[in-house]
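Contents: one structure, followed by commentary.
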Amino acid sequence: MPPPRPASRLRGPVVLITGASQGIGAALARTFAREIPGVRLALVARSAARLTAVAAACRRRGAAAAEVFPADVTDAAAVEALAAAVHRRFGPVEVLINNAGVFRAAPFLETSVAEFDALLSANLRSAFLVSRALVPAMLRRRRGDVFFLSSIAGLGPYPGGTAYCAAKAGVTSLARVLRAETRGRGLRVCCVHPGATWTPSWAGSGVAPARMMPAEDIARAIVDAHRLSRRTVLEELILRPAGGDL
């Protein structure tokens, strides 16, 4: 058994990341572990096995704690239970990153009702539920950061993106409304709009990883936004591949 960590390492922020088992979420967890002293990570996704591997990597990179909380963040009861479990383990969450989401492409006339509902649930409903569960405590403390992972698809449409564009546009609007309603109350809200980013969802697509942004760059931008003084909020962040959109 490893020796106990010094108590001073346990005073960093509690950071909750949804969709933390792979891709941008896993990169966020590793970057916070490496860059933020004493950080305590609450890692959320449905896959406990992948979360466990990410948590171990975060502890190796310096996180004071990295714990897994398997949950379906599209389920209201599961999200309430998640919030309670994280609070019991770590106390108040200071940084929430709504990263959970799913990408699938289909033209308008080929998008089924079930598929439309599934993408809205995974991308938009999840962000609403988790934020609703955690933001009230942040407002009571007058301190907290909430990041929403939208997409360039949340800023403008493209053919074949019916459900995904609708979902991400909803995420963008949700973030803007939360920012407008909580301005001046100690909560910083940032909506992040990445372009094409290399994650496992692109495997087999035929697109070269070098044509896309690395997930680590998205993670670094978010960590840097968190590190700004409390007098400053980065409200929106757009990142695109150097060669332009795909």
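The way I read the labels, and the way they are meant: chains A, B, ... in the order of the structure tokens, residue 1 as the first residue of every chain, and ligand 1 as the first ligand shown, with later ones counted on from there.
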Taking the DSSP assignment computed from this structure's backbone, write out as a PyMOL selection string all residues of stretch 6-237 of chain A that belong to helix (DSSP H, G or I). chain A and resi 7-11+23-35+48-60+76-90+108-110+113-141+152-154+162-182+200-202+209-211+215-227
Quick one: contact table of stretch 66-142 of chain A to stretch 175-191 of chain A, 10 Å max, nearest atom pair and distance in Å to one decimal per residue, counting only C-alpha atoms, chain and number order, as a tab-separated table?
residue	atom	partner	partner_atom	distance
A:Glu94	CA	A:Leu187	CA	9.6
A:Val95	CA	A:Arg188	CA	9.5
A:Leu96	CA	A:Val189	CA	9.7
A:Ile97	CA	A:Cys190	CA	9.5
A:Asn98	CA	A:Cys191	CA	9.6
A:Ala127	CA	A:Ala175	CA	9.3
A:Phe128	CA	A:Ala175	CA	9.3
A:Ser131	CA	A:Leu178	CA	9.4
A:Val135	CA	A:Leu187	CA	8.4
A:Met138	CA	A:Leu187	CA	7.0
A:Leu139	CA	A:Arg185	CA	6.4
A:Arg140	CA	A:Arg185	CA	8.8
A:Arg141	CA	A:Gly186	CA	8.0
A:Arg142	CA	A:Gly186	CA	4.3
Output of the above residues as a short mmCIF file (atom, residue, chain, number, x, y, z; two decimals), in the first residue's frame, restricted to N, CA and C atoms:
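Listed below is the output, selection04.cif:
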data_model
loop_
_atom_site.label_atom_id
_atom_site.label_comp_id
_atom_site.auth_asym_id
_atom_site.auth_seq_id
_atom_site.Cartn_x
_atom_site.Cartn_y
_atom_site.Cartn_z
N GLU A 94 -15.96 22.21 -7.10
CA GLU A 94 -15.61 23.57 -7.50
C GLU A 94 -15.61 23.74 -9.01
N VAL A 95 -15.26 22.69 -9.73
CA VAL A 95 -15.19 22.76 -11.19
C VAL A 95 -16.03 21.62 -11.77
N LEU A 96 -17.01 21.96 -12.59
CA LEU A 96 -17.83 20.98 -13.28
C LEU A 96 -17.55 21.09 -14.77
N ILE A 97 -17.24 19.97 -15.40
CA ILE A 97 -17.02 19.95 -16.84
C ILE A 97 -18.03 19.00 -17.47
N ASN A 98 -19.00 19.57 -18.15
CA ASN A 98 -20.04 18.80 -18.85
C ASN A 98 -19.49 18.37 -20.21
N ALA A 127 -26.08 17.48 -19.73
CA ALA A 127 -25.49 18.72 -19.23
C ALA A 127 -26.47 19.47 -18.34
N PHE A 128 -27.74 19.47 -18.70
CA PHE A 128 -28.76 20.12 -17.88
C PHE A 128 -28.88 19.43 -16.53
N SER A 131 -25.65 19.87 -14.28
CA SER A 131 -25.54 21.27 -13.84
C SER A 131 -26.61 21.59 -12.81
N VAL A 135 -24.90 23.08 -9.55
CA VAL A 135 -24.77 24.54 -9.55
C VAL A 135 -25.35 25.20 -8.30
N MET A 138 -22.74 25.65 -5.72
CA MET A 138 -21.74 26.63 -6.13
C MET A 138 -22.25 28.04 -5.86
N LEU A 139 -23.52 28.30 -6.18
CA LEU A 139 -24.08 29.62 -5.97
C LEU A 139 -24.16 29.96 -4.48
N ARG A 140 -24.47 28.97 -3.66
CA ARG A 140 -24.50 29.23 -2.22
C ARG A 140 -23.13 29.62 -1.70
N ARG A 141 -22.09 29.00 -2.26
CA ARG A 141 -20.71 29.32 -1.84
C ARG A 141 -20.17 30.53 -2.58
N ARG A 142 -20.89 30.97 -3.62
CA ARG A 142 -20.46 32.08 -4.48
C ARG A 142 -19.09 31.79 -5.11
#
Compare A:Ala48, A:Glu236, A:Ala137, A:Thr31 by their minimum atom-to-atom distance to A:Ala84, counting only C-alpha atoms, and give me the closest one.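 Distance minimum relative to A:Ala84 lands on A:Ala137.
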Would you give me, as CSV, each residue of stretch 125-231 of chain A having an atom within 10 Å of an atom of stretch 13-30 of chain A, along with its shortest atom pair and that distance in Å to one decimal, using only C-alpha atoms and sorting by chain and residue number?
residue,atom,partner,partner_atom,distance
A:Ser126,CA,A:Thr18,CA,9.0
A:Ala127,CA,A:Thr18,CA,8.9
A:Val130,CA,A:Thr18,CA,8.8
A:Leu134,CA,A:Leu16,CA,9.8
A:Gly144,CA,A:Pro13,CA,9.8
A:Asp145,CA,A:Val15,CA,9.3
A:Val146,CA,A:Leu16,CA,9.8
A:Phe147,CA,A:Ile17,CA,9.5
A:Leu149,CA,A:Ile24,CA,9.4
A:Thr197,CA,A:Ile24,CA,8.2
A:Trp198,CA,A:Gly23,CA,7.5
A:Thr199,CA,A:Gly23,CA,4.7
A:Pro200,CA,A:Gly23,CA,6.4
A:Ser201,CA,A:Gly23,CA,8.2
A:Pro214,CA,A:Ile24,CA,8.7
A:Ala215,CA,A:Ile24,CA,5.0
A:Glu216,CA,A:Ala27,CA,5.4
A:Asp217,CA,A:Ala27,CA,8.7
A:Ile218,CA,A:Ile24,CA,7.0
A:Ala219,CA,A:Leu28,CA,4.6
A:Arg220,CA,A:Leu28,CA,7.5
A:Ala221,CA,A:Leu28,CA,9.6
A:Ile222,CA,A:Leu28,CA,8.0
A:Val223,CA,A:Leu28,CA,7.9
Need to verify the contact set: A:Phe108, 9 Å, only C-alpha atoms, exclusion of same-chain residues closer than 5 positions in sequence. Can you return it as a list in words?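 Answer for this query is Pro159, Gly160, Gly161, Thr162 and Ala163 of chain A.
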Which residue, A:Gly156, A:Pro70, A:Gly195, A:Pro107, has the smallest gap to A:Met212 when you use only C-alpha atoms? A:Gly195
Which residue of A:Ala76, A:Ala42, A:Ala242, A:Ala33 approaches A:Arg60 most closely, using only C-alpha atoms: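 Of all the options, A:Ala33 lies closest to A:Arg60.
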Here is a test: counting only C-alpha atoms, which residue of A:Arg143, A:Arg240, A:Arg89, A:Lys168 is nearest to A:Leu119?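 When distances to A:Leu119 are compared using only C-alpha atoms, the smallest one comes from A:Lys168.
Distance check against A:Ala105 using only C-alpha atoms: of A:Ala53, A:Ala78, A:Ile238, A:Ala166, the minimum falls on A:Ala166.
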Got a sec to tell me which of stretch 46-202 of chain A DSSP assigns to strand (DSSP E or B), as a PyMOL selection string? chain A and resi 65-70+95-98+106+144-149+161+187-194+197-198
Restricted to C-alpha atoms, what would the selected residues look like written as an mmCIF file, in the first residue's frame?
data_model
loop_
_atom_site.group_PDB
_atom_site.id
_atom_site.type_symbol
_atom_site.label_atom_id
_atom_site.label_comp_id
_atom_site.auth_asym_id
_atom_site.auth_seq_id
_atom_site.Cartn_x
_atom_site.Cartn_y
_atom_site.Cartn_z
ATOM 1 C CA ALA A 65 -7.216 11.813 -5.441
ATOM 2 C CA ALA A 66 -8.961 10.393 -8.487
ATOM 3 C CA GLU A 67 -12.104 8.376 -7.906
ATOM 4 C CA VAL A 68 -14.521 6.749 -10.337
ATOM 5 C CA PHE A 69 -18.262 7.309 -10.236
ATOM 6 C CA PRO A 70 -19.937 5.162 -12.907
ATOM 7 C CA VAL A 95 -15.191 22.763 -11.194
ATOM 8 C CA LEU A 96 -17.831 20.979 -13.281
ATOM 9 C CA ILE A 97 -17.022 19.953 -16.842
ATOM 10 C CA ASN A 98 -20.039 18.797 -18.845
ATOM 11 C CA ALA A 106 -27.206 11.311 -40.438
ATOM 12 C CA GLY A 144 -17.495 27.672 -9.013
ATOM 13 C CA ASP A 145 -16.581 27.037 -12.635
ATOM 14 C CA VAL A 146 -18.896 25.302 -15.096
ATOM 15 C CA PHE A 147 -17.621 24.274 -18.515
ATOM 16 C CA PHE A 148 -19.931 23.051 -21.269
ATOM 17 C CA LEU A 149 -18.373 21.100 -24.136
ATOM 18 C CA GLY A 161 -25.593 16.782 -38.630
ATOM 19 C CA LEU A 187 -20.089 31.392 -10.917
ATOM 20 C CA ARG A 188 -17.983 31.376 -14.071
ATOM 21 C CA VAL A 189 -19.616 29.701 -17.068
ATOM 22 C CA CYS A 190 -17.623 28.859 -20.190
ATOM 23 C CA CYS A 191 -18.888 27.207 -23.358
ATOM 24 C CA VAL A 192 -16.180 25.441 -25.372
ATOM 25 C CA HIS A 193 -16.618 24.895 -29.121
ATOM 26 C CA PRO A 194 -14.022 22.437 -30.444
ATOM 27 C CA THR A 197 -10.582 16.557 -32.360
ATOM 28 C CA TRP A 198 -8.944 13.161 -32.485
#
For the atom pair atom CA of A:Val207 and atom CA of A:Leu155, what is the interatomic distance in Å to one decimal place?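 It comes out at 22.7 Å.
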